[in-house]
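Pasting my_file39.txt here (compact mmCIF, C-alpha atoms and all ligand atoms):
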# COMPACT_ATOMS: atom_id res chain seq x y z
CA MET A 1 -0.07 -35.85 -9.11
CA GLY A 2 -1.27 -32.58 -7.56
CA LYS A 3 0.81 -29.44 -7.68
CA VAL A 4 3.44 -28.65 -5.07
CA ALA A 5 3.65 -25.18 -3.53
CA LEU A 6 6.20 -23.59 -1.24
CA ILE A 7 4.97 -20.69 0.89
CA THR A 8 7.59 -18.65 2.71
CA GLY A 9 6.07 -16.90 5.73
CA VAL A 10 3.27 -19.47 6.00
CA THR A 11 2.97 -18.75 9.74
CA GLY A 12 1.80 -15.18 9.02
CA GLN A 13 -1.70 -13.91 8.23
CA ASP A 14 -1.57 -14.36 4.45
CA GLY A 15 0.41 -17.59 4.63
CA ALA A 16 -2.29 -19.20 6.74
CA TYR A 17 -5.12 -18.17 4.40
CA LEU A 18 -3.14 -19.14 1.29
CA ALA A 19 -2.15 -22.56 2.68
CA GLU A 20 -5.80 -23.25 3.44
CA LEU A 21 -6.80 -22.25 -0.11
CA LEU A 22 -4.12 -24.36 -1.81
CA LEU A 23 -4.82 -27.42 0.34
CA ALA A 24 -8.49 -27.15 -0.62
CA LYS A 25 -7.39 -27.14 -4.27
CA GLY A 26 -5.45 -30.40 -3.76
CA TYR A 27 -1.93 -28.96 -3.58
CA ASP A 28 0.86 -30.38 -1.45
CA VAL A 29 1.82 -27.36 0.60
CA HIS A 30 5.24 -26.79 2.14
CA GLY A 31 5.78 -23.78 4.36
CA THR A 32 8.70 -22.18 6.13
CA LYS A 33 8.85 -21.47 9.83
CA ARG A 34 11.48 -19.78 11.92
CA ARG A 35 13.05 -21.12 15.04
CA ALA A 36 11.60 -19.24 18.01
CA SER A 37 11.76 -19.77 21.74
CA SER A 38 8.00 -20.13 21.90
CA PHE A 39 5.39 -21.86 19.77
CA ASN A 40 4.81 -19.78 16.63
CA VAL A 41 2.64 -21.87 14.32
CA GLY A 42 -0.71 -21.01 15.89
CA ARG A 43 -2.24 -19.70 12.65
CA VAL A 44 -1.62 -22.97 10.77
CA ASP A 45 -2.03 -25.47 13.57
CA HIS A 46 -5.44 -26.56 12.26
CA LEU A 47 -3.93 -27.50 8.88
CA PHE A 48 -1.92 -30.44 10.23
CA LYS A 49 -3.68 -33.76 9.68
CA GLU A 50 -2.95 -37.31 10.82
CA GLU A 51 -2.14 -39.10 7.54
CA ASN A 52 -1.81 -42.71 8.78
CA GLY A 53 1.73 -43.07 7.49
CA ALA A 54 1.18 -41.25 4.16
CA THR A 55 3.14 -38.07 3.40
CA PRO A 56 1.15 -35.19 4.89
CA ALA A 57 -0.27 -32.62 2.46
CA PHE A 58 0.92 -29.81 4.74
CA GLN A 59 4.49 -29.72 5.98
CA LEU A 60 6.65 -27.11 7.68
CA HIS A 61 10.42 -26.66 7.35
CA HIS A 62 12.85 -24.39 9.14
CA ALA A 63 14.22 -21.70 6.82
CA ASP A 64 15.05 -18.03 6.89
CA LEU A 65 15.10 -15.52 4.06
CA THR A 66 18.45 -14.28 5.32
CA ASP A 67 20.00 -17.77 4.91
CA SER A 68 20.63 -18.76 1.27
CA THR A 69 21.61 -22.31 2.04
CA SER A 70 18.34 -23.05 3.84
CA LEU A 71 16.39 -21.73 0.85
CA ILE A 72 18.38 -23.55 -1.81
CA ARG A 73 18.18 -26.84 0.07
CA LEU A 74 14.45 -26.45 0.52
CA VAL A 75 13.73 -25.59 -3.11
CA GLN A 76 15.94 -28.49 -4.22
CA ASP A 77 14.15 -30.97 -1.95
CA ILE A 78 10.64 -29.78 -2.74
CA GLN A 79 10.95 -28.97 -6.47
CA PRO A 80 7.92 -26.68 -6.19
CA ASP A 81 5.61 -25.82 -9.08
CA GLU A 82 4.83 -22.53 -7.34
CA ILE A 83 6.66 -20.42 -4.78
CA TYR A 84 4.77 -17.72 -2.88
CA ASN A 85 7.28 -15.40 -1.22
CA LEU A 86 5.25 -13.98 1.65
CA ALA A 87 7.99 -13.94 4.30
CA ALA A 88 9.05 -10.48 5.38
CA GLN A 89 9.73 -8.16 8.26
CA SER A 90 6.37 -6.66 7.41
CA HIS A 91 5.93 -3.88 9.97
CA VAL A 92 6.56 -0.41 8.52
CA GLN A 93 7.30 1.32 11.84
CA VAL A 94 9.62 -1.47 12.99
CA SER A 95 11.58 -1.09 9.74
CA PHE A 96 12.76 2.35 10.93
CA GLU A 97 14.31 0.61 13.94
CA THR A 98 15.71 -2.42 12.06
CA PRO A 99 16.44 -1.07 8.58
CA GLU A 100 19.40 -3.31 7.77
CA TYR A 101 17.64 -6.51 8.79
CA THR A 102 14.54 -5.41 6.87
CA ALA A 103 16.62 -4.82 3.73
CA ASN A 104 18.23 -8.21 4.13
CA ALA A 105 15.01 -10.18 4.64
CA ASP A 106 12.63 -8.24 2.39
CA GLY A 107 15.00 -7.09 -0.36
CA THR A 108 17.93 -9.51 -0.64
CA GLY A 109 15.72 -12.36 0.61
CA THR A 110 13.69 -12.09 -2.59
CA LEU A 111 16.87 -12.29 -4.65
CA ARG A 112 17.97 -15.40 -2.73
CA LEU A 113 14.79 -17.25 -3.68
CA LEU A 114 14.98 -16.22 -7.31
CA GLU A 115 18.62 -17.30 -7.40
CA ALA A 116 17.63 -20.66 -5.92
CA ILE A 117 15.25 -21.16 -8.86
CA ARG A 118 18.02 -20.23 -11.29
CA LEU A 119 20.82 -22.23 -9.66
CA LEU A 120 18.63 -25.32 -9.60
CA LYS A 121 17.62 -24.79 -13.24
CA LEU A 122 13.95 -24.57 -12.36
CA GLU A 123 13.27 -21.48 -14.53
CA GLY A 124 10.94 -23.47 -16.79
CA LYS A 125 9.10 -25.21 -13.96
CA THR A 126 8.74 -23.04 -10.88
CA ARG A 127 6.40 -20.05 -10.90
CA PHE A 128 7.13 -17.24 -8.45
CA TYR A 129 4.87 -14.83 -6.56
CA GLN A 130 6.39 -11.80 -4.84
CA ALA A 131 4.45 -10.10 -2.04
CA SER A 132 4.81 -6.52 -3.24
CA THR A 133 2.92 -3.72 -1.58
CA SER A 134 1.03 -0.47 -1.95
CA GLU A 135 3.70 1.00 0.38
CA LEU A 136 5.80 1.27 -2.81
CA TYR A 137 3.66 4.25 -3.83
CA GLY A 138 4.52 6.09 -0.62
CA MET A 139 4.33 9.79 -1.30
CA VAL A 140 1.07 10.49 -3.05
CA ARG A 141 1.72 11.16 -6.77
CA GLU A 142 -1.73 10.20 -8.12
CA THR A 143 -4.88 8.41 -7.01
CA PRO A 144 -6.24 5.91 -7.54
CA GLN A 145 -2.92 4.09 -7.78
CA THR A 146 -2.42 1.62 -10.65
CA GLU A 147 0.35 -0.65 -11.94
CA LEU A 148 1.67 2.42 -13.82
CA THR A 149 1.76 4.90 -10.91
CA PRO A 150 5.38 5.86 -10.11
CA PHE A 151 6.84 4.55 -6.85
CA TYR A 152 8.18 6.82 -4.06
CA PRO A 153 8.83 4.60 -1.01
CA ARG A 154 8.67 6.29 2.40
CA SER A 155 10.18 3.73 4.80
CA PRO A 156 13.07 1.26 4.98
CA TYR A 157 10.39 -1.44 4.57
CA ALA A 158 9.10 0.07 1.35
CA VAL A 159 12.61 0.67 -0.01
CA ALA A 160 13.47 -2.99 0.65
CA LYS A 161 10.24 -4.07 -1.05
CA LEU A 162 11.12 -1.83 -4.00
CA TYR A 163 14.23 -3.96 -4.53
CA GLY A 164 12.08 -7.10 -4.23
CA TYR A 165 9.68 -5.73 -6.83
CA TRP A 166 12.34 -4.87 -9.39
CA ILE A 167 14.46 -7.99 -8.94
CA THR A 168 11.31 -10.01 -9.62
CA VAL A 169 10.67 -8.05 -12.82
CA ASN A 170 14.33 -8.40 -13.78
CA TYR A 171 14.46 -12.18 -13.32
CA ARG A 172 11.26 -12.49 -15.34
CA GLU A 173 12.81 -10.51 -18.20
CA ALA A 174 16.38 -11.83 -17.95
CA TYR A 175 15.74 -15.52 -17.37
CA GLY A 176 12.17 -16.08 -18.50
CA ILE A 177 10.96 -17.06 -15.02
CA HIS A 178 7.17 -16.97 -14.60
CA ALA A 179 7.40 -14.33 -11.87
CA SER A 180 4.67 -11.94 -10.74
CA ASN A 181 4.35 -9.06 -8.32
CA GLY A 182 1.11 -8.68 -6.45
CA ILE A 183 0.96 -5.00 -5.46
CA LEU A 184 -1.40 -5.60 -2.59
CA PHE A 185 -3.14 -2.84 -0.67
CA ASN A 186 -3.74 -3.38 3.06
CA HIS A 187 -5.70 -6.51 3.85
CA GLU A 188 -6.81 -7.56 7.27
CA SER A 189 -8.67 -10.33 9.08
CA PRO A 190 -9.29 -11.73 12.55
CA ILE A 191 -5.79 -13.29 12.40
CA ARG A 192 -4.04 -10.05 11.39
CA GLY A 193 -0.84 -9.37 13.36
CA GLU A 194 -1.74 -7.68 16.63
CA THR A 195 0.45 -4.61 16.13
CA PHE A 196 -1.02 -3.47 12.80
CA VAL A 197 -3.47 -0.67 13.37
CA THR A 198 -6.71 -2.51 12.53
CA ARG A 199 -6.08 -5.44 14.84
CA LYS A 200 -4.65 -3.18 17.53
CA ILE A 201 -7.95 -1.27 17.41
CA THR A 202 -10.23 -4.32 17.40
CA ARG A 203 -8.31 -5.98 20.24
CA ALA A 204 -8.42 -2.79 22.29
CA VAL A 205 -12.14 -2.36 21.64
CA ALA A 206 -12.69 -5.94 22.79
CA ALA A 207 -10.50 -5.38 25.86
CA ILE A 208 -12.49 -2.23 26.72
CA GLU A 209 -15.74 -4.18 26.28
CA HIS A 210 -14.47 -6.79 28.76
CA GLY A 211 -13.28 -4.13 31.22
CA ARG A 212 -9.60 -5.02 30.74
CA LEU A 213 -8.49 -1.70 29.25
CA ASN A 214 -9.62 1.90 29.72
CA LYS A 215 -8.43 3.56 26.53
CA LEU A 216 -6.74 3.00 23.20
CA SER A 217 -3.64 5.06 22.27
CA LEU A 218 -2.88 5.61 18.60
CA GLY A 219 -0.71 7.70 16.28
CA ASN A 220 -1.81 9.32 13.03
CA LEU A 221 -5.61 9.14 12.75
CA ASP A 222 -5.65 10.98 9.41
CA ALA A 223 -3.78 8.33 7.41
CA ARG A 224 -6.10 6.76 4.84
CA ARG A 225 -5.91 3.15 3.74
CA ASP A 226 -7.63 0.92 1.19
CA TRP A 227 -8.53 -2.00 3.48
CA GLY A 228 -9.72 -5.37 2.20
CA HIS A 229 -10.04 -8.90 3.59
CA ALA A 230 -6.99 -11.22 3.44
CA ARG A 231 -9.15 -14.16 2.31
CA ASP A 232 -10.00 -12.34 -0.94
CA TYR A 233 -6.39 -11.32 -1.55
CA VAL A 234 -4.80 -14.79 -1.35
CA GLU A 235 -7.24 -15.92 -4.06
CA GLY A 236 -5.77 -13.14 -6.23
CA MET A 237 -2.21 -14.36 -5.55
CA TRP A 238 -3.13 -17.84 -6.76
CA ARG A 239 -4.86 -16.51 -9.86
CA MET A 240 -1.71 -14.58 -10.84
CA LEU A 241 0.29 -17.81 -10.97
CA GLN A 242 -2.34 -19.55 -13.13
CA GLN A 243 -1.86 -17.05 -16.00
CA PRO A 244 0.12 -18.02 -19.11
CA THR A 245 2.87 -15.51 -18.24
CA GLY A 246 4.06 -13.58 -15.22
CA ASP A 247 2.93 -9.98 -14.77
CA ASP A 248 2.28 -7.34 -12.08
CA TYR A 249 -1.16 -6.64 -10.61
CA VAL A 250 -2.75 -4.28 -8.10
CA LEU A 251 -5.19 -5.93 -5.66
CA ALA A 252 -7.32 -3.34 -3.84
CA THR A 253 -10.92 -2.54 -2.99
CA GLY A 254 -11.03 0.91 -4.66
CA GLU A 255 -12.23 2.54 -1.40
CA THR A 256 -10.22 4.47 1.15
CA HIS A 257 -10.95 5.28 4.81
CA PRO A 258 -9.07 7.22 7.50
CA VAL A 259 -7.87 5.40 10.62
CA ARG A 260 -10.31 7.56 12.62
CA GLU A 261 -13.25 6.05 10.72
CA PHE A 262 -12.03 2.51 11.45
CA VAL A 263 -11.92 3.40 15.15
CA THR A 264 -15.41 4.95 15.17
CA LEU A 265 -16.89 1.95 13.37
CA ALA A 266 -15.11 -0.57 15.59
CA PHE A 267 -16.48 1.06 18.76
CA SER A 268 -19.98 1.12 17.26
CA HIS A 269 -19.93 -2.70 17.27
CA ILE A 270 -19.77 -2.69 21.08
CA GLY A 271 -22.49 -0.06 21.24
CA ARG A 272 -20.20 2.92 21.98
CA THR A 273 -20.47 6.16 19.98
CA ILE A 274 -17.27 8.17 19.73
CA GLU A 275 -17.27 11.95 19.79
CA TRP A 276 -13.98 13.36 18.47
CA VAL A 277 -12.71 16.55 20.12
CA GLY A 278 -9.50 18.58 19.72
CA SER A 279 -6.95 18.20 16.96
CA GLY A 280 -3.40 17.00 16.27
CA THR A 281 -1.75 15.29 19.22
CA GLU A 282 -4.46 16.77 21.49
CA GLU A 283 -7.27 14.94 19.67
CA LYS A 284 -9.39 12.66 21.83
CA GLY A 285 -12.18 10.19 21.29
CA LEU A 286 -14.81 10.48 24.03
CA ASP A 287 -17.80 8.30 24.74
CA ALA A 288 -20.68 10.49 23.46
CA ARG A 289 -22.90 9.26 26.31
CA ASP A 290 -20.81 10.24 29.32
CA GLY A 291 -17.56 11.80 28.08
CA THR A 292 -15.35 8.85 29.14
CA LEU A 293 -11.96 9.01 27.42
CA LEU A 294 -11.73 6.07 25.00
CA VAL A 295 -9.02 7.14 22.52
CA ASP A 296 -6.01 9.42 22.80
CA ILE A 297 -2.89 10.16 20.79
CA ASP A 298 0.58 8.91 21.68
CA PRO A 299 3.31 10.56 19.57
CA ARG A 300 5.31 7.32 19.89
CA TYR A 301 3.19 5.87 17.13
CA PHE A 302 3.94 8.57 14.55
CA ARG A 303 6.39 7.55 11.85
CA PRO A 304 9.37 9.65 10.70
CA THR A 305 7.86 9.64 7.20
CA GLU A 306 4.24 8.68 6.64
CA VAL A 307 2.18 7.35 3.73
CA ASP A 308 -0.86 9.62 3.85
CA LEU A 309 -3.25 8.16 1.32
CA LEU A 310 -3.59 4.78 -0.35
CA LEU A 311 -6.39 4.08 -2.81
CA GLY A 312 -5.94 1.36 -5.39
CA ASN A 313 -7.46 0.75 -8.79
CA PRO A 314 -7.82 -3.02 -9.27
CA ALA A 315 -9.14 -2.77 -12.88
CA LYS A 316 -6.30 -4.83 -14.40
CA ALA A 317 -6.81 -7.68 -11.90
CA ALA A 318 -10.55 -7.56 -12.58
CA GLU A 319 -10.03 -7.76 -16.33
CA LYS A 320 -7.16 -10.28 -16.54
CA LEU A 321 -7.71 -12.39 -13.42
CA GLY A 322 -11.46 -12.03 -12.97
CA TRP A 323 -10.63 -10.97 -9.39
CA LYS A 324 -12.42 -8.55 -7.15
CA ALA A 325 -12.52 -7.77 -3.44
CA THR A 326 -15.77 -9.12 -2.03
CA THR A 327 -15.77 -7.98 1.59
CA PRO A 328 -17.28 -4.56 2.33
CA PHE A 329 -15.36 -2.36 4.80
CA ASP A 330 -18.18 -2.48 7.33
CA ASP A 331 -18.26 -6.30 7.28
CA LEU A 332 -14.48 -6.49 7.71
CA VAL A 333 -14.54 -4.26 10.79
CA ARG A 334 -17.51 -6.11 12.28
CA GLU A 335 -15.91 -9.54 11.73
CA MET A 336 -12.67 -8.44 13.38
CA VAL A 337 -14.35 -6.81 16.39
CA LEU A 338 -16.72 -9.71 17.03
CA SER A 339 -13.89 -12.22 16.70
CA ASP A 340 -11.75 -10.34 19.24
CA VAL A 341 -14.67 -9.89 21.65
CA GLU A 342 -15.08 -13.69 21.54
CA LEU A 343 -11.35 -14.38 21.78
CA LEU A 344 -10.83 -12.14 24.79
CA LYS A 345 -13.53 -13.96 26.73
CA THR A 346 -11.05 -16.78 27.26
CA GLU A 347 -7.63 -15.25 26.53
CA PRO A 348 -5.63 -14.79 29.72
CA VAL A 349 -5.46 -11.11 30.69
CA ARG A 350 -2.61 -9.40 28.89
CA TYR A 351 -1.32 -6.02 29.77
CA SER A 352 0.01 -5.32 26.28
CA TYR A 353 -3.08 -4.27 24.36
CA ARG A 354 -0.91 -1.38 23.17
CA ASP A 355 1.76 -1.29 20.42
P1 LIG B 1 2.92 -11.24 8.60
O1 LIG B 1 3.80 -10.28 9.30
O2 LIG B 1 1.66 -11.70 9.24
O3 LIG B 1 3.77 -12.55 8.23
C1 LIG B 1 5.10 -12.47 7.82
C2 LIG B 1 5.69 -13.87 7.75
O4 LIG B 1 7.08 -13.78 7.39
C3 LIG B 1 5.65 -14.64 9.08
O5 LIG B 1 5.43 -16.00 8.81
C4 LIG B 1 7.06 -14.43 9.62
O6 LIG B 1 7.46 -15.44 10.50
C5 LIG B 1 7.84 -14.53 8.33
N1 LIG B 1 9.18 -13.96 8.39
C6 LIG B 1 9.58 -12.76 8.85
N2 LIG B 1 10.91 -12.60 8.68
C7 LIG B 1 11.37 -13.73 8.11
C8 LIG B 1 12.63 -14.20 7.71
N3 LIG B 1 13.73 -13.46 7.85
N4 LIG B 1 12.75 -15.44 7.16
C9 LIG B 1 11.66 -16.21 7.02
N5 LIG B 1 10.42 -15.85 7.40
C10 LIG B 1 10.28 -14.62 7.93
O7 LIG B 1 2.61 -10.59 7.16
P2 LIG B 1 1.30 -10.73 6.24
O8 LIG B 1 0.88 -12.14 6.21
O9 LIG B 1 0.36 -9.67 6.60
O10 LIG B 1 1.91 -10.31 4.83
C11 LIG B 1 2.50 -11.28 3.95
C12 LIG B 1 3.44 -10.59 2.99
O11 LIG B 1 2.73 -9.64 2.21
C13 LIG B 1 4.58 -9.81 3.66
O12 LIG B 1 5.70 -9.92 2.79
C14 LIG B 1 4.07 -8.37 3.67
O13 LIG B 1 5.17 -7.49 3.67
C15 LIG B 1 3.30 -8.34 2.37
N6 LIG B 1 2.17 -7.43 2.32
C16 LIG B 1 1.20 -7.48 3.28
C17 LIG B 1 0.08 -6.69 3.18
C18 LIG B 1 -1.00 -6.71 4.20
O14 LIG B 1 -1.81 -5.76 4.22
N7 LIG B 1 -1.09 -7.75 5.02
C19 LIG B 1 -0.09 -5.76 2.03
C20 LIG B 1 0.97 -5.84 1.06
C21 LIG B 1 2.05 -6.65 1.21
P3 LIG B 1 7.09 -15.38 12.10
O15 LIG B 1 5.66 -15.87 12.17
O16 LIG B 1 8.08 -16.27 12.68
O17 LIG B 1 7.23 -13.94 12.50
P1 LIG B 2 0.79 -0.11 7.12
O1 LIG B 2 -0.10 -0.75 8.28
O2 LIG B 2 1.88 0.73 7.65
O3 LIG B 2 -0.16 0.51 6.15
O4 LIG B 2 1.47 -1.43 6.51
P2 LIG B 2 -0.37 -0.32 9.80
O5 LIG B 2 -1.64 -0.98 10.15
O6 LIG B 2 0.82 -0.55 10.65
O7 LIG B 2 -0.58 1.27 9.70
C1 LIG B 2 -1.65 1.84 8.95
C2 LIG B 2 -1.74 3.33 9.27
O8 LIG B 2 -2.21 3.50 10.60
C3 LIG B 2 -1.43 4.51 11.22
N1 LIG B 2 -1.46 4.34 12.68
C4 LIG B 2 -0.93 3.31 13.37
N2 LIG B 2 -0.35 2.17 12.94
C5 LIG B 2 0.04 1.27 13.88
N3 LIG B 2 0.61 0.10 13.48
N4 LIG B 2 -0.12 1.49 15.22
C6 LIG B 2 -0.72 2.64 15.69
O9 LIG B 2 -0.87 2.82 16.89
C7 LIG B 2 -1.15 3.58 14.72
N5 LIG B 2 -1.79 4.78 14.79
C8 LIG B 2 -1.97 5.22 13.56
C9 LIG B 2 -0.05 4.33 10.63
O10 LIG B 2 0.74 5.51 10.83
C10 LIG B 2 -0.40 4.06 9.17
O11 LIG B 2 -0.58 5.26 8.48
C11 LIG B 2 0.71 -2.61 6.28
C12 LIG B 2 1.65 -3.81 6.45
O12 LIG B 2 0.87 -4.98 6.38
C13 LIG B 2 2.68 -3.83 5.35
O13 LIG B 2 3.42 -5.06 5.42
C14 LIG B 2 1.97 -3.76 4.00
O14 LIG B 2 2.92 -3.73 2.96
C15 LIG B 2 1.07 -2.53 3.94
O15 LIG B 2 0.14 -2.59 5.00
C16 LIG B 2 0.30 -2.45 2.63
Would you mind writing the file's structure down as structure tokens?
Amino acid sequence: MGKVALITGVTGQDGAYLAELLLAKGYDVHGTKRRASSFNVGRVDHLFKEENGATPAFQLHHADLTDSTSLIRLVQDIQPDEIYNLAAQSHVQVSFETPEYTANADGTGTLRLLEAIRLLKLEGKTRFYQASTSELYGMVRETPQTELTPFYPRSPYAVAKLYGYWITVNYREAYGIHASNGILFNHESPIRGETFVTRKITRAVAAIEHGRLNKLSLGNLDARRDWGHARDYVEGMWRMLQQPTGDDYVLATGETHPVREFVTLAFSHIGRTIEWVGSGTEEKGLDARDGTLLVDIDPRYFRPTEVDLLLGNPAKAAEKLGWKATTPFDDLVREMVLSDVELLKTEPVRYSYRD
């Protein structure tokens, strides 16, 4: 019998990559989806297979992290060997607008899953992965950031994730659950959510290339992030749960780049060179050839409190898990731009290349 995994948030970026990885390893994979008024399983559609009457290796179930009963019932039915808790209201800026919901889903939601393991007496069987985040570091205290760097969250999202982090540690220590936190730095891909800055940039660059958009509007160009590829990071999640005991690990590339650099590089892949002029909210990115305005600043996208600099040290994951990020920054940006240029050839025109 192969192993059985439950992935909450399987319809998101990481869920899709992780499901693919686990299916390739012979797991039976169960994922959660939320009821929505439109089709929302596009990222995992290709994982469904006709099984000629046999139980499919990939199955979806309705559940919500804010609904204990749905989680308990699911864990009871599935009896998973591994739970990957990836579900979350994952957008930092949106968390300032929906702080209570974010706390409920991202903070208390983690507790609900851990309690399901405990109530069902699965402490000795079910291993647990919590999607923790470099946003926990928030205000810069030291760089590069390690598992020992103190946390100072700077958004309702990060504060909710702080609860998720510590309740995972607590259930490991109190009840002996094999529970691990992956403190993951930003990771991106061609299926990254369209409102995170990298994908917003690559979609806008593609839209400009196809003549569908004139300019890209962004917020803070000075923020620096340690950006890796999601495919590498889901491998790290799996490796954490294969260890003899639960623990906490940073997954990062060990390189940091400002948003401005991502933009410049992305435009270079459609043959446009950006010349940056002005500063602060007056900064603009012009086409170096003819001065066309390609990038401007919209204060709407600034956050009430910002995380200025993220740079991770993945030495522990390298030593204990044999893990390392394998995708160079340049390759990541190129892959995302080329994918969006291709996608927008056939995507119906959308007027919302912003946000
Ligand atoms: P996405 O936003 O792409 O996916 C989030 C998933 O959670 C989606 O499947 C979403 O469903 C689901 N979800 C949201 N709210 C609920 C809820 N209340 N109940 C059940 N499901 C819910 O995120 P990523 O794949 O990028 O990230 C995965 C996890 O890792 C998240 O927890 C995120 O906070 C964390 N993380 C991500 C990093 C990154 O750089 N990507 C870095 C560090 C941590 P739907 O599709 O219906 O919206
Ligand atoms: P982040 O990702 O907040 O790091 O959280 P995001 O891509 O949203 O922002 C990165 C940085 O870019 C700046 N920025 C903008 N961001 C967005 N979304 N839109 C803009 O127009 C824009 N302009 C500038 C932001 O201010 C920020 O500094 C992601 C999420 O995946 C979290 O779930 C995860 O925990 C962390 O990464 C690690």
Inset, instruction - Return the single residue from A:Leu310, A:Ile167, A:Val140, A:Leu119 that is closest to ligand LIG 1 (chain B), with distances computed using all atoms listed in the file. - result: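 Nearest to ligand LIG 1 (chain B): A:Leu310.
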Inset, instruction - Around the point (3.0, -23.2, -3.7) in the file's coordinates, collect all residues with an atom within 6 Å, using only C-alpha atoms, and return them as a list in words. - result: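 Using only C-alpha atoms, the matching residues come out as Val4, Ala5, Leu6, Ile7, Glu82, Ile83 and Tyr84 of chain A.
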Inset, instruction - Figure out the distance between atom CA of Leu213 of chain A and atom CA of Thr346 of chain A, please, to one decimal in Å. - result: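 Distance reported for this atom pair: 15.4 Å.
Remark: residues at most 8 Å from position (12.9, -13.9, -1.1) in file coordinates are A:Leu65, A:Asn85, A:Ala87, A:Ala105, A:Asp106, A:Gly107, A:Thr108, A:Gly109, A:Thr110, A:Leu111, A:Arg112, A:Leu113, A:Leu114, A:Gln130, A:Gly164, using all atoms listed in the file.
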Inset, instruction - Would you list the residues that come within 7 Å of ligand LIG 2 (chain B)? Count all atoms listed in the file and give the answer as a VMD selection string. - result: chain A and resid 90 to 93 133 to 135 184 to 186 195 to 198 200 217 to 221 223 to 225 259 301 to 303 306 to 308 355
Inset, instruction - Do a neighbour search on segment 19-29 of chain A at 10 Å with only C-alpha atoms, toss out local chain neighbours closer than 2 positions, and write the hits as a ChimeraX atom specification. - result: /A:1-7,10-11,14-17,31,44,46-47,55-60,78,80-82,231,234-235,238
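The space separating atom CA of Lys121 of chain A from atom CA of Val169 of chain A comes to 18.1 Å.
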Work out where the centre of an axis-aligned box around every listed atom of ligand LIG 1 (chain B) lies and how long its edges are once 4 Å is added on each side; give both in Å to one decimal as AutoDock Vina command-line options.
--center_x 6.0 --center_y -11.0 --center_z 6.9 --size_x 23.5 --size_y 18.5 --size_z 19.6
Legend entry - Separation of atom CA of Ala206 of chain A from atom CA of His269 of chain A, in Å and rounded to one decimal: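 So the two atoms, atom CA of Ala206 of chain A and atom CA of His269 of chain A, lie 9.7 Å apart.
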Legend entry - Residue nearest ligand LIG 1 (chain B) among A:Arg172, A:Arg192, A:Arg118, A:Lys49 (counting only C-alpha atoms and all ligand atoms):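 Among the listed residues, the smallest separation from ligand LIG 1 (chain B) belongs to A:Arg192.
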Inset, instruction - Kindly indicate which residue among A:Arg239, A:Arg289, A:Arg73, A:Arg334 lies nearest to Lys320 of chain A, using all atoms listed in the file for the distances. - result: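 Smallest separation from Lys320 of chain A among the options: A:Arg239.
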Legend entry - Spatial neighbours of Gly176 of chain A, 8 Å, only C-alpha atoms, chain gap at least 4 places, as number ranges by chain: A: 123-124, 171-172
Inset, instruction - Between A:Gly322, A:Gly182, A:Pro150, A:Pro144, single out the one closest to ligand LIG 1 (chain B), counting only C-alpha atoms and all ligand atoms. - result: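 Closest to ligand LIG 1 (chain B) of all the choices is A:Gly182.
In this comparison, which uses only C-alpha atoms, the residue of A:Ile297, A:Val159, A:Ala252, A:Ile208 approaching Ile183 of chain A most closely is A:Ala252.
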Legend entry - Minimum-distance residue to ligand LIG 1 (chain B), chosen among A:Met237, A:Ala116, A:Val277, A:Leu309 (using only C-alpha atoms and all ligand atoms):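 Comparing A:Met237, A:Ala116, A:Val277, A:Leu309 against ligand LIG 1 (chain B), the winner is A:Met237.
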Any chance you could turn segment 145-157 of chain A into a file with C-alpha atoms, as a short mmCIF file (atom, residue, chain, number, x, y, z; two decimals), in the first residue's frame?
data_model
loop_
_atom_site.label_atom_id
_atom_site.label_comp_id
_atom_site.auth_asym_id
_atom_site.auth_seq_id
_atom_site.Cartn_x
_atom_site.Cartn_y
_atom_site.Cartn_z
CA GLN A 145 17.66 34.98 8.37
CA THR A 146 17.91 31.51 9.94
CA GLU A 147 15.72 29.24 12.07
CA LEU A 148 17.09 31.14 15.10
CA THR A 149 16.40 34.71 13.91
CA PRO A 150 13.74 36.35 16.13
CA PHE A 151 10.32 36.96 14.58
CA TYR A 152 8.72 40.43 14.27
CA PRO A 153 5.63 40.05 12.05
CA ARG A 154 4.51 43.14 10.13
CA SER A 155 1.02 42.26 8.84
CA PRO A 156 -2.16 40.54 10.02
CA TYR A 157 -1.12 37.69 7.69
#
